[in-house]
$ cat query_25.cif   # mmCIF, C-alpha atoms
data_input
#
loop_
_atom_site.label_atom_id
_atom_site.label_comp_id
_atom_site.auth_asym_id
_atom_site.auth_seq_id
_atom_site.Cartn_x
_atom_site.Cartn_y
_atom_site.Cartn_z
CA MET E 7 56.62 79.03 79.37
CA PRO E 8 57.18 82.39 81.05
CA THR E 9 54.34 84.90 80.84
CA LYS E 10 55.09 88.38 79.52
CA LYS E 11 55.06 89.71 83.07
CA THR E 12 57.70 87.23 84.22
CA THR E 13 59.89 88.10 81.27
CA GLU E 14 59.66 91.78 82.07
CA TYR E 15 60.62 91.21 85.69
CA ARG E 16 63.46 88.87 85.02
CA PRO E 17 66.15 91.51 84.28
CA ARG E 18 65.40 93.34 87.50
CA ASN E 19 65.54 90.12 89.54
CA ALA E 20 68.70 89.12 87.76
CA GLU E 21 70.32 92.43 88.62
CA ALA E 22 69.21 92.12 92.25
CA THR E 23 70.56 88.56 92.50
CA ARG E 24 73.84 89.60 90.89
CA HIS E 25 74.16 92.46 93.34
CA ARG E 26 73.33 90.23 96.31
CA LEU E 27 75.90 87.66 95.18
CA LEU E 28 78.64 90.27 94.78
CA THR E 29 77.91 91.70 98.22
CA ALA E 30 78.05 88.24 99.77
CA ALA E 31 81.26 87.49 97.85
CA THR E 32 82.88 90.70 99.07
CA ALA E 33 82.19 89.75 102.68
CA GLU E 34 83.45 86.19 102.18
CA PHE E 35 86.67 87.13 100.33
CA SER E 36 87.33 89.95 102.77
CA GLU E 37 87.10 87.55 105.72
CA HIS E 38 88.88 84.52 104.31
CA GLY E 39 91.00 85.73 101.39
CA PHE E 40 90.87 84.17 97.95
CA ALA E 41 92.25 80.76 98.88
CA GLY E 42 90.08 80.46 101.99
CA ALA E 43 86.81 81.73 100.50
CA ARG E 44 84.16 79.07 99.81
CA ILE E 45 81.59 79.24 97.05
CA ASP E 46 78.97 77.39 99.11
CA ARG E 47 79.30 79.90 101.95
CA ILE E 48 78.90 82.77 99.47
CA ALA E 49 75.73 81.14 98.13
CA GLU E 50 74.44 80.69 101.67
CA ARG E 51 75.20 84.32 102.60
CA ALA E 52 73.31 85.45 99.48
CA GLY E 53 70.39 83.17 100.25
CA THR E 54 70.79 81.24 97.02
CA ASN E 55 72.71 78.18 95.81
CA LYS E 56 76.03 77.41 94.16
CA ARG E 57 74.46 76.76 90.76
CA MET E 58 73.31 80.38 90.62
CA ILE E 59 76.87 81.59 91.15
CA TYR E 60 78.15 79.38 88.34
CA ALA E 61 75.32 80.58 86.10
CA TYR E 62 75.93 84.27 86.80
CA PHE E 63 79.69 84.45 87.05
CA GLY E 64 81.36 81.16 86.17
CA ASP E 65 84.02 79.80 88.53
CA LYS E 66 85.61 81.27 91.65
CA ASP E 67 88.23 83.14 89.61
CA GLN E 68 85.60 84.77 87.45
CA LEU E 69 83.46 85.68 90.45
CA PHE E 70 86.47 87.31 92.04
CA GLU E 71 87.31 89.14 88.83
CA ALA E 72 83.75 90.52 88.64
CA LEU E 73 83.95 91.63 92.26
CA MET E 74 87.30 93.37 91.76
CA GLU E 75 85.95 95.17 88.71
CA ARG E 76 83.01 96.47 90.73
CA ARG E 77 85.29 97.50 93.59
CA ILE E 78 87.71 99.30 91.31
CA ALA E 79 84.85 101.14 89.63
CA GLU E 80 83.50 102.21 93.04
CA LEU E 81 86.93 103.25 94.27
CA SER E 82 87.66 105.22 91.10
CA LYS E 83 84.37 107.05 91.51
CA ALA E 84 85.00 107.85 95.19
CA VAL E 85 88.70 108.64 94.88
CA ARG E 86 89.36 110.96 91.97
CA PHE E 87 92.89 110.41 90.74
CA SER E 88 94.70 113.63 90.04
CA ALA E 89 98.34 113.31 89.00
CA GLU E 90 98.84 116.99 89.75
CA ASN E 91 97.19 116.92 93.15
CA LEU E 92 98.16 113.66 94.77
CA SER E 93 97.67 115.03 98.29
CA GLU E 94 93.96 115.23 97.61
CA THR E 95 93.94 111.80 96.01
CA ALA E 96 95.74 110.33 99.04
CA LEU E 97 93.34 112.01 101.44
CA ALA E 98 90.26 110.81 99.54
CA ARG E 99 91.74 107.31 99.48
CA PHE E 100 92.38 107.41 103.23
CA ASP E 101 88.80 108.52 103.89
CA TYR E 102 87.44 105.82 101.56
CA MET E 103 89.52 103.08 103.21
CA LEU E 104 88.46 104.26 106.66
CA ALA E 105 84.79 104.08 105.65
CA ASN E 106 85.16 100.79 103.73
CA GLN E 107 87.25 98.48 105.83
CA ASP E 108 86.18 95.47 103.76
CA VAL E 109 87.88 96.98 100.70
CA GLN E 110 91.01 97.57 102.75
CA ARG E 111 91.02 93.94 103.91
CA LEU E 112 90.36 92.72 100.39
CA ALA E 113 93.27 94.77 99.05
CA ARG E 114 95.56 93.43 101.76
CA TRP E 115 94.57 89.85 101.08
CA ARG E 116 95.34 90.47 97.41
CA THR E 117 98.85 91.61 98.15
CA PHE E 118 99.30 88.97 100.79
CA GLU E 119 98.25 86.05 98.63
CA ARG E 120 100.29 87.36 95.69
CA ALA E 121 97.36 86.48 93.49
CA ASN E 122 97.54 87.17 89.77
CA PRO E 123 96.23 90.68 89.14
CA THR E 124 93.06 90.93 87.07
CA ARG E 125 93.10 92.73 83.75
CA ALA E 126 91.00 95.56 85.23
CA GLU E 127 93.53 96.03 88.03
CA ARG E 128 96.51 96.12 85.68
CA ASP E 129 94.84 98.63 83.35
CA SER E 130 93.76 100.78 86.25
CA TYR E 131 97.31 101.04 87.65
CA ARG E 132 99.02 101.44 84.32
CA MET E 133 96.82 104.38 83.34
CA ARG E 134 97.60 106.17 86.57
CA VAL E 135 101.34 105.58 86.40
CA ASP E 136 101.34 106.88 82.81
CA ALA E 137 99.41 110.00 83.83
CA LEU E 138 101.85 110.59 86.65
CA ALA E 139 104.85 110.21 84.35
CA ALA E 140 103.27 112.75 81.96
CA ALA E 141 102.79 115.23 84.83
CA GLN E 142 106.46 114.74 85.73
CA ARG E 143 107.56 115.44 82.16
CA ALA E 144 105.42 118.58 82.20
CA GLY E 145 107.29 119.74 85.32
CA LYS E 146 104.18 119.67 87.48
CA VAL E 147 105.28 116.83 89.75
CA ASN E 148 108.64 116.02 91.37
CA ALA E 149 110.56 114.00 88.81
CA SER E 150 113.40 112.89 91.11
CA ILE E 151 111.43 109.75 92.00
CA PRO E 152 110.28 107.36 89.22
CA ALA E 153 106.51 107.51 88.59
CA VAL E 154 105.95 103.88 89.58
CA ASP E 155 107.70 104.43 92.94
CA LEU E 156 105.96 107.72 93.54
CA PHE E 157 102.61 106.07 92.95
CA ALA E 158 103.45 103.07 95.20
CA MET E 159 104.53 105.56 97.88
CA VAL E 160 101.34 107.60 97.69
CA LEU E 161 99.31 104.40 98.02
CA SER E 162 101.44 103.34 101.00
CA LEU E 163 101.22 106.72 102.71
CA SER E 164 97.44 106.78 102.35
CA GLU E 165 97.33 103.52 104.33
CA SER E 166 100.25 104.24 106.64
CA TRP E 167 98.10 104.84 109.68
CA LEU E 168 95.31 102.34 109.05
CA SER E 169 97.85 99.58 108.42
CA ALA E 170 100.43 100.68 110.98
CA PRO E 171 101.64 97.95 113.35
CA PRO E 172 99.08 97.51 116.17
CA ALA E 173 101.85 98.22 118.70
CA LEU E 174 102.52 101.60 117.09
CA GLN E 175 98.82 102.47 116.92
CA ALA E 176 98.52 101.52 120.57
CA ALA E 177 101.31 103.97 121.43
CA SER E 178 99.06 106.83 120.25
CA GLY E 179 96.14 106.00 122.52
CA ASP E 180 92.86 105.87 120.58
CA ALA E 181 94.12 105.08 117.06
CA LEU E 182 90.79 105.78 115.37
CA GLY E 183 89.65 108.64 117.61
CA ALA E 184 88.46 111.86 115.95
CA LYS E 185 91.42 113.92 117.17
CA ARG E 186 94.01 111.36 116.06
CA LEU E 187 92.39 110.98 112.63
CA ALA E 188 92.28 114.76 112.15
CA GLN E 189 95.99 115.00 113.00
CA HIS E 190 96.79 112.16 110.65
CA ARG E 191 94.81 113.63 107.74
CA LYS E 192 96.81 116.84 108.03
CA ALA E 193 100.06 114.88 108.27
CA LEU E 194 99.15 112.83 105.20
CA VAL E 195 98.53 115.93 103.05
CA GLU E 196 101.82 117.44 104.19
CA ALA E 197 103.82 114.26 103.51
CA VAL E 198 102.39 113.71 100.04
CA ARG E 199 102.94 117.37 99.20
CA ARG E 200 106.57 117.07 100.25
CA ILE E 201 107.32 114.03 98.10
CA THR E 202 105.38 115.22 95.03
CA GLU E 203 106.01 118.95 94.74
CA PRO E 204 108.66 119.87 92.19
CA ARG E 205 111.58 121.80 93.68
CA MET O 22 119.06 59.43 137.16
CA PRO O 23 121.06 61.56 134.71
CA THR O 24 124.81 60.99 134.71
CA LYS O 25 127.12 63.95 135.15
CA LYS O 26 127.80 63.95 131.43
CA THR O 27 124.10 64.24 130.59
CA THR O 28 123.72 67.10 133.00
CA GLU O 29 126.60 68.94 131.40
CA TYR O 30 125.16 68.50 127.93
CA ARG O 31 121.64 69.45 128.80
CA PRO O 32 121.99 73.26 128.54
CA ARG O 33 123.50 73.01 125.08
CA ASN O 34 120.77 70.61 123.94
CA ALA O 35 118.14 72.79 125.54
CA GLU O 36 119.44 75.84 123.66
CA ALA O 37 119.51 73.87 120.39
CA THR O 38 115.97 72.58 120.90
CA ARG O 39 114.73 76.05 121.81
CA HIS O 40 116.34 77.45 118.68
CA ARG O 41 114.89 74.68 116.50
CA LEU O 42 111.44 75.25 117.95
CA LEU O 43 111.59 79.00 117.33
CA THR O 44 112.73 78.47 113.75
CA ALA O 45 109.89 76.00 113.15
CA ALA O 46 107.42 78.39 114.79
CA THR O 47 108.58 81.28 112.59
CA ALA O 48 107.91 79.22 109.46
CA GLU O 49 104.51 78.06 110.73
CA PHE O 50 103.28 81.50 111.88
CA SER O 51 104.61 83.11 108.72
CA GLU O 52 102.65 80.68 106.55
CA HIS O 53 99.40 80.45 108.49
CA GLY O 54 99.23 83.52 110.71
CA PHE O 55 98.58 83.35 114.44
CA ALA O 56 95.05 81.98 114.28
CA GLY O 57 95.90 79.39 111.62
CA ALA O 58 99.19 78.18 113.10
CA ARG O 59 99.09 74.77 114.78
CA ILE O 60 101.24 73.69 117.68
CA ASP O 61 101.38 70.07 116.52
CA ARG O 62 102.69 71.14 113.09
CA ILE O 63 105.35 73.28 114.76
CA ALA O 64 106.41 70.28 116.86
CA GLU O 65 106.52 68.13 113.73
CA ARG O 66 108.59 70.71 111.79
CA ALA O 67 111.04 70.85 114.71
CA GLY O 68 111.22 67.06 114.93
CA THR O 69 109.91 66.99 118.46
CA ASN O 70 106.53 66.82 120.19
CA LYS O 71 103.93 69.21 121.60
CA ARG O 72 104.92 68.52 125.19
CA MET O 73 108.36 69.99 124.52
CA ILE O 74 106.79 73.24 123.28
CA TYR O 75 104.65 73.52 126.38
CA ALA O 76 107.68 72.76 128.55
CA TYR O 77 109.90 75.34 126.87
CA PHE O 78 107.50 78.16 126.12
CA GLY O 79 104.09 77.56 127.63
CA ASP O 80 101.03 78.06 125.42
CA LYS O 81 100.69 79.32 121.85
CA ASP O 82 100.56 82.95 122.99
CA GLN O 83 103.77 82.59 124.96
CA LEU O 84 105.51 80.81 122.10
CA PHE O 85 104.51 83.65 119.79
CA GLU O 86 105.69 86.24 122.29
CA ALA O 87 109.09 84.52 122.53
CA LEU O 88 109.34 84.42 118.76
CA MET O 89 108.45 88.11 118.38
CA GLU O 90 111.03 89.04 121.00
CA ARG O 91 113.71 87.18 119.08
CA ARG O 92 112.62 88.76 115.79
CA ILE O 93 112.58 92.26 117.24
CA ALA O 94 116.05 91.76 118.70
CA GLU O 95 117.34 90.55 115.30
CA LEU O 96 115.65 93.40 113.45
CA SER O 97 116.97 96.01 115.88
CA LYS O 98 120.47 94.64 115.40
CA ALA O 99 120.20 94.63 111.59
CA VAL O 100 118.33 97.93 111.24
CA ARG O 101 119.93 100.63 113.32
CA PHE O 102 117.31 103.21 114.23
CA SER O 103 118.55 106.75 113.84
CA ALA O 104 116.00 109.49 114.48
CA GLU O 105 118.26 111.97 112.74
CA ASN O 106 118.93 109.81 109.71
CA LEU O 107 115.69 108.05 108.90
CA SER O 108 116.61 107.62 105.22
CA GLU O 109 119.31 105.19 106.26
CA THR O 110 117.00 103.46 108.70
CA ALA O 111 114.36 103.07 105.97
CA LEU O 112 116.91 101.73 103.51
CA ALA O 113 118.33 99.23 106.02
CA ARG O 114 114.78 98.13 106.80
CA PHE O 115 113.98 97.67 103.11
CA ASP O 116 117.11 95.55 102.63
CA TYR O 117 116.32 93.49 105.72
CA MET O 118 112.72 92.85 104.62
CA LEU O 119 113.89 91.91 101.13
CA ALA O 120 116.34 89.38 102.58
CA ASN O 121 113.92 88.09 105.24
CA GLN O 122 110.57 87.63 103.57
CA ASP O 123 109.33 85.49 106.47
CA VAL O 124 109.66 88.47 108.81
CA GLN O 125 107.76 90.59 106.33
CA ARG O 126 104.95 88.03 106.17
CA LEU O 127 104.93 87.70 109.94
CA ALA O 128 104.64 91.47 110.36
CA ARG O 129 101.80 91.60 107.84
CA TRP O 130 99.91 88.81 109.55
CA ARG O 131 100.29 90.72 112.80
CA THR O 132 98.69 93.81 111.38
CA PHE O 133 96.12 91.80 109.48
CA GLU O 134 94.93 89.79 112.44
CA ARG O 135 94.89 92.87 114.66
CA ALA O 136 96.47 90.75 117.36
CA ASN O 137 97.30 92.29 120.72
CA PRO O 138 100.81 93.69 120.56
CA THR O 139 103.35 92.08 122.85
CA ARG O 140 105.03 94.09 125.56
CA ALA O 141 108.34 93.96 123.65
CA GLU O 142 106.68 95.36 120.55
CA ARG O 143 105.03 98.22 122.41
CA ASP O 144 108.24 99.19 124.18
CA SER O 145 110.20 98.98 120.96
CA TYR O 146 107.86 101.36 119.13
CA ARG O 147 107.39 103.75 122.01
CA MET O 148 111.16 104.24 122.44
CA ARG O 149 111.55 105.09 118.76
CA VAL O 150 108.63 107.52 118.65
CA ASP O 151 110.01 109.26 121.74
CA ALA O 152 113.48 109.55 120.17
CA LEU O 153 111.93 110.97 117.03
CA ALA O 154 109.91 113.54 118.98
CA ALA O 155 113.10 114.60 120.78
CA ALA O 156 114.91 115.05 117.45
CA GLN O 157 111.99 117.20 116.29
CA ARG O 158 112.19 119.38 119.38
CA ALA O 159 115.91 119.77 118.77
CA GLY O 160 115.15 121.06 115.25
CA LYS O 161 116.93 118.15 113.58
CA VAL O 162 113.83 116.58 112.02
CA ASN O 163 110.81 118.12 110.29
CA ALA O 164 108.33 118.94 113.05
CA SER O 165 105.35 119.71 110.80
CA ILE O 166 104.26 116.06 111.00
CA PRO O 167 103.61 114.44 114.42
CA ALA O 168 106.32 111.94 115.44
CA VAL O 169 103.91 108.99 115.50
CA ASP O 170 102.74 109.73 111.94
CA LEU O 171 106.25 110.36 110.70
CA PHE O 172 107.35 107.03 112.10
CA ALA O 173 104.34 105.17 110.63
CA MET O 174 105.12 106.82 107.28
CA VAL O 175 108.78 105.81 107.31
CA LEU O 176 107.74 102.22 108.07
CA SER O 177 105.20 102.35 105.24
CA LEU O 178 107.62 103.85 102.76
CA SER O 179 110.25 101.22 103.53
CA GLU O 180 107.68 98.57 102.51
CA SER O 181 105.97 100.55 99.74
CA TRP O 182 107.51 98.54 96.95
CA LEU O 183 107.62 95.10 98.54
CA SER O 184 103.98 95.39 99.57
CA ALA O 185 102.74 97.30 96.51
CA PRO O 186 99.65 95.84 94.80
CA PRO O 187 100.73 92.96 92.53
CA ALA O 188 99.08 94.77 89.59
CA LEU O 189 101.31 97.81 90.17
CA GLN O 190 104.44 95.68 90.56
CA ALA O 191 103.51 93.91 87.33
CA ALA O 192 103.34 97.29 85.54
CA SER O 193 107.07 97.73 86.18
CA GLY O 194 108.17 94.46 84.59
CA ASP O 195 110.49 92.49 86.87
CA ALA O 196 109.47 93.85 90.29
CA LEU O 197 112.43 92.29 92.12
CA GLY O 198 115.02 92.66 89.36
CA ALA O 199 118.37 94.24 90.24
CA LYS O 200 117.75 97.39 88.18
CA ARG O 201 114.27 97.96 89.60
CA LEU O 202 115.49 97.44 93.18
CA ALA O 203 118.39 99.86 92.66
CA GLN O 204 115.96 102.52 91.35
CA HIS O 205 113.63 101.94 94.26
CA ARG O 206 116.39 102.16 96.88
CA LYS O 207 117.35 105.58 95.51
CA ALA O 208 113.70 106.66 95.41
CA LEU O 209 113.19 105.52 99.00
CA VAL O 210 116.11 107.56 100.32
CA GLU O 211 114.89 110.63 98.44
CA ALA O 212 111.29 110.28 99.69
CA VAL O 213 112.26 109.80 103.34
CA ARG O 214 114.69 112.72 103.11
CA ARG O 215 111.90 114.92 101.76
CA ILE O 216 109.43 114.12 104.54
CA THR O 217 111.96 114.24 107.38
CA GLU O 218 114.31 117.14 106.62
CA PRO O 219 113.52 120.33 108.51
CA ARG O 220 112.80 123.28 106.23
#

$ encode --input "query_25.cif" --output "structure tokens"
Amino acid sequence: MPTKKTTEYRPRNAEATRHRLLTAATAEFSEHGFAGARIDRIAERAGTNKRMIYAYFGDKDQLFEALMERRIAELSKAVRFSAENLSETALARFDYMLANQDVQRLARWRTFERANPTRAERDSYRMRVDALAAAQRAGKVNASIPAVDLFAMVLSLSESWLSAPPALQAASGDALGAKRLAQHRKALVEAVRRITEPR
Amino acid sequence: MPTKKTTEYRPRNAEATRHRLLTAATAEFSEHGFAGARIDRIAERAGTNKRMIYAYFGDKDQLFEALMERRIAELSKAVRFSAENLSETALARFDYMLANQDVQRLARWRTFERANPTRAERDSYRMRVDALAAAQRAGKVNASIPAVDLFAMVLSLSESWLSAPPALQAASGDALGAKRLAQHRKALVEAVRRITEPR
């Protein structure tokens, strides 16, 4: 029988374990992709065992879904989406990706493995495309490009340098040097402005 | 001792074997990436043995280099690079990637694995960036974005739909349907025109 003290502490420990498991899962999925990730390695990284993962999250799919939900929540907080100021959104997304390379890898694996999108992912994209279409109807954003394409293009542009072919990055010297990044940030704002401004 | 007839036939057989090996290697690298690709599986796919691969190409690195050279030559032939008409270049690249999904996967693996670029890749990119910079100096292309960024952006835009997050593609219904692709092709031309035209 748990004592009162144990009962009081349990939620905090549970939260800490959950957090530790999600962090370990992020590292594992980021390194090996969904298909290559192994539940026992995630348990080992988190200093716990497989049974705990099943107890907290369910199967591998559900663990991944929980992780994506957390990531999307973090990304949404760090990168404010503004349909009427997509240059700023693109720049914030670039800075976030630069600082969180594991998220970038995770996102690339997702696309690469053509995995089924989670519900949270679908909702997140649909809301943004709808907001963008509304801004187009209001004449605040270039309407000569469909909202879904415009959004896909802004996402692409925000990763155009970080995911450029290694041979192209190499042509610029130090691809992640301060000077190069400063030039690219300016270029990114200009490019997004050009494709989104109504004229 | 080979007879005269055998000697005469050898070059043709050699070319056929070389071709078969490169085709098998493309499939293997496209599926498993560089690190995951296995020489014995490539030999098996080509209906030959490992010794033949070593004899024709050398090690795994050299086989990959030969394959990339062939791919770059094919791509350069199919996608004419025009510094002064990057919309057309982007569109041709989109069509090529759509028709050659193995090349698209191969290119993504390359970026993903952060492999060392081959000499052919470096030269290929550097020539194009230089041509673009010259067109900027001549006032024929928007010079407010550095040539290396502009080029990375055109590459990104040409793949923005094919490599969009699955959740975003799903939001559009049939991502590879004829109507959607026609809309995207138009959008791509418009976007590249907007970022490249001098004004």

$ closest_residue --input "query_25.cif" --among "O:Leu88, O:Val210, O:Ala56, O:Leu96" --to "His40 (chain O)" --atoms "all atoms listed in the file"
O:Leu88

$ closest_atom_pairs --input "query_25.cif" --of "chain E" --to "chain O" --cutoff "7 Å" --atoms "only C-alpha atoms" --output "CSV"
residue,atom,partner,partner_atom,distance
E:Thr117,CA,O:Pro186,CA,5.5
E:Arg120,CA,O:Pro187,CA,6.4
E:Pro123,CA,O:Ala188,CA,5.0
E:Glu127,CA,O:Ala188,CA,5.9
E:Arg128,CA,O:Ala188,CA,4.9
E:Tyr131,CA,O:Leu189,CA,5.7
E:Arg132,CA,O:Ala192,CA,6.1
E:Ile151,CA,O:Ala208,CA,5.1
E:Asp155,CA,O:His205,CA,6.6
E:Ala158,CA,O:Ser181,CA,5.8
E:Met159,CA,O:Ser181,CA,5.5
E:Ser162,CA,O:Ser181,CA,5.5
E:Leu163,CA,O:Met174,CA,6.0
E:Ser166,CA,O:Ser177,CA,5.5
E:Trp167,CA,O:Ala173,CA,6.3
E:Ser169,CA,O:Thr132,CA,6.5
E:Ala170,CA,O:Ala173,CA,6.0
E:Pro171,CA,O:Thr132,CA,5.5
E:Pro172,CA,O:Thr132,CA,6.1
E:Ala173,CA,O:Arg143,CA,4.9
E:Leu174,CA,O:Tyr146,CA,5.7
E:Ala177,CA,O:Arg147,CA,6.1
E:His190,CA,O:Asp170,CA,6.6
E:Ala193,CA,O:Ile166,CA,5.1
E:Ala197,CA,O:Ile216,CA,5.7
E:Arg200,CA,O:Ile216,CA,5.9
E:Ile201,CA,O:Ala212,CA,5.7

$ resolve_selection --input "query_25.cif" --expression "the PyMOL selection byres ((chain E and resi 34) around 12)" --output "PDB file with C-alpha atoms, in the coordinates of the input"
ATOM      1  CA  LEU E  27      75.900  87.660  95.180  1.00  0.00           C
ATOM      2  CA  LEU E  28      78.640  90.270  94.780  1.00  0.00           C
ATOM      3  CA  THR E  29      77.910  91.700  98.220  1.00  0.00           C
ATOM      4  CA  ALA E  30      78.050  88.240  99.770  1.00  0.00           C
ATOM      5  CA  ALA E  31      81.260  87.490  97.850  1.00  0.00           C
ATOM      6  CA  THR E  32      82.880  90.700  99.070  1.00  0.00           C
ATOM      7  CA  ALA E  33      82.190  89.750 102.680  1.00  0.00           C
ATOM      8  CA  PHE E  35      86.670  87.130 100.330  1.00  0.00           C
ATOM      9  CA  SER E  36      87.330  89.950 102.770  1.00  0.00           C
ATOM     10  CA  GLU E  37      87.100  87.550 105.720  1.00  0.00           C
ATOM     11  CA  HIS E  38      88.880  84.520 104.310  1.00  0.00           C
ATOM     12  CA  GLY E  39      91.000  85.730 101.390  1.00  0.00           C
ATOM     13  CA  PHE E  40      90.870  84.170  97.950  1.00  0.00           C
ATOM     14  CA  ALA E  41      92.250  80.760  98.880  1.00  0.00           C
ATOM     15  CA  GLY E  42      90.080  80.460 101.990  1.00  0.00           C
ATOM     16  CA  ALA E  43      86.810  81.730 100.500  1.00  0.00           C
ATOM     17  CA  ARG E  44      84.160  79.070  99.810  1.00  0.00           C
ATOM     18  CA  ILE E  45      81.590  79.240  97.050  1.00  0.00           C
ATOM     19  CA  ASP E  46      78.970  77.390  99.110  1.00  0.00           C
ATOM     20  CA  ARG E  47      79.300  79.900 101.950  1.00  0.00           C
ATOM     21  CA  ILE E  48      78.900  82.770  99.470  1.00  0.00           C
ATOM     22  CA  ALA E  49      75.730  81.140  98.130  1.00  0.00           C
ATOM     23  CA  GLU E  50      74.440  80.690 101.670  1.00  0.00           C
ATOM     24  CA  ARG E  51      75.200  84.320 102.600  1.00  0.00           C
ATOM     25  CA  ALA E  52      73.310  85.450  99.480  1.00  0.00           C
ATOM     26  CA  LYS E  66      85.610  81.270  91.650  1.00  0.00           C
ATOM     27  CA  LEU E  69      83.460  85.680  90.450  1.00  0.00           C
ATOM     28  CA  PHE E  70      86.470  87.310  92.040  1.00  0.00           C
ATOM     29  CA  LEU E  73      83.950  91.630  92.260  1.00  0.00           C
ATOM     30  CA  ASP E 108      86.180  95.470 103.760  1.00  0.00           C
ATOM     31  CA  VAL E 109      87.880  96.980 100.700  1.00  0.00           C
ATOM     32  CA  ARG E 111      91.020  93.940 103.910  1.00  0.00           C
ATOM     33  CA  LEU E 112      90.360  92.720 100.390  1.00  0.00           C
ATOM     34  CA  TRP E 115      94.570  89.850 101.080  1.00  0.00           C
TER      35      TRP E 115
END

$ atom_distance --input "query_25.cif" --atom1 "CA of Thr23 (chain E)" --atom2 "CA of Asn106 (chain E)"
22.1 Å

$ residues_around --input "query_25.cif" --residues "Val100 (chain O)" --least-positions-apart "5" --cutoff "10 Å" --atoms "all atoms listed in the file" --output "list of chain:residue names"
O:Ala94, O:Glu95, O:Glu109, O:Thr110, O:Ala111, O:Leu112, O:Ala113, O:Arg114, O:Phe115, O:Asp116, O:Tyr117

$ atom_distance --input "query_25.cif" --atom1 "CA of Glu90 (chain O)" --atom2 "CA of Gln125 (chain O)"
15.1 Å

$ atom_distance --input "query_25.cif" --atom1 "CA of Arg76 (chain E)" --atom2 "CA of Tyr62 (chain E)"
14.6 Å

$ residues_around --input "query_25.cif" --residues "Ala164 (chain O)" --least-positions-apart "4" --cutoff "10 Å" --atoms "all atoms listed in the file" --output "list of chain:residue names"
O:Leu153, O:Ala154, O:Ala156, O:Gln157, O:Arg158, O:Ala159, O:Gly160, O:Ala168, O:Leu171, O:Ile216, O:Thr217, O:Glu218, O:Pro219, O:Arg220

$ decode --input "query_25.cif" --residues "region 101-138 of chain O" --atoms "C-alpha atoms" --output "compact mmCIF listing (two decimals), in the first residue's frame"
# COMPACT_ATOMS: atom_id res chain seq x y z
CA ARG O 101 18.61 22.67 -69.04
CA PHE O 102 20.04 25.25 -66.66
CA SER O 103 19.32 28.79 -67.75
CA ALA O 104 20.46 31.52 -65.38
CA GLU O 105 18.21 33.97 -67.17
CA ASN O 106 15.15 31.76 -67.17
CA LEU O 107 15.12 29.97 -63.85
CA SER O 108 11.33 29.47 -63.93
CA GLU O 109 11.78 27.08 -66.82
CA THR O 110 14.71 25.39 -65.13
CA ALA O 111 12.64 24.92 -61.95
CA LEU O 112 9.70 23.54 -63.91
CA ALA O 113 11.87 21.11 -65.87
CA ARG O 114 13.45 20.00 -62.60
CA PHE O 115 10.04 19.46 -61.01
CA ASP O 116 8.91 17.35 -63.97
CA TYR O 117 12.14 15.35 -63.91
CA MET O 118 11.88 14.67 -60.16
CA LEU O 119 8.24 13.66 -60.54
CA ALA O 120 9.15 11.18 -63.27
CA ASN O 121 12.30 9.93 -61.52
CA GLN O 122 11.43 9.42 -57.88
CA ASP O 123 14.57 7.32 -57.34
CA VAL O 124 16.72 10.35 -58.16
CA GLN O 125 14.69 12.41 -55.73
CA ARG O 126 15.21 9.83 -52.98
CA LEU O 127 18.89 9.57 -53.80
CA ALA O 128 19.30 13.35 -53.57
CA ARG O 129 17.47 13.42 -50.24
CA TRP O 130 19.61 10.65 -48.81
CA ARG O 131 22.66 12.63 -49.89
CA THR O 132 21.57 15.68 -47.97
CA PHE O 133 20.33 13.62 -45.08
CA GLU O 134 23.52 11.65 -44.59
CA ARG O 135 25.63 14.78 -45.01
CA ALA O 136 27.95 12.72 -47.18
CA ASN O 137 31.01 14.33 -48.71
CA PRO O 138 30.05 15.75 -52.09
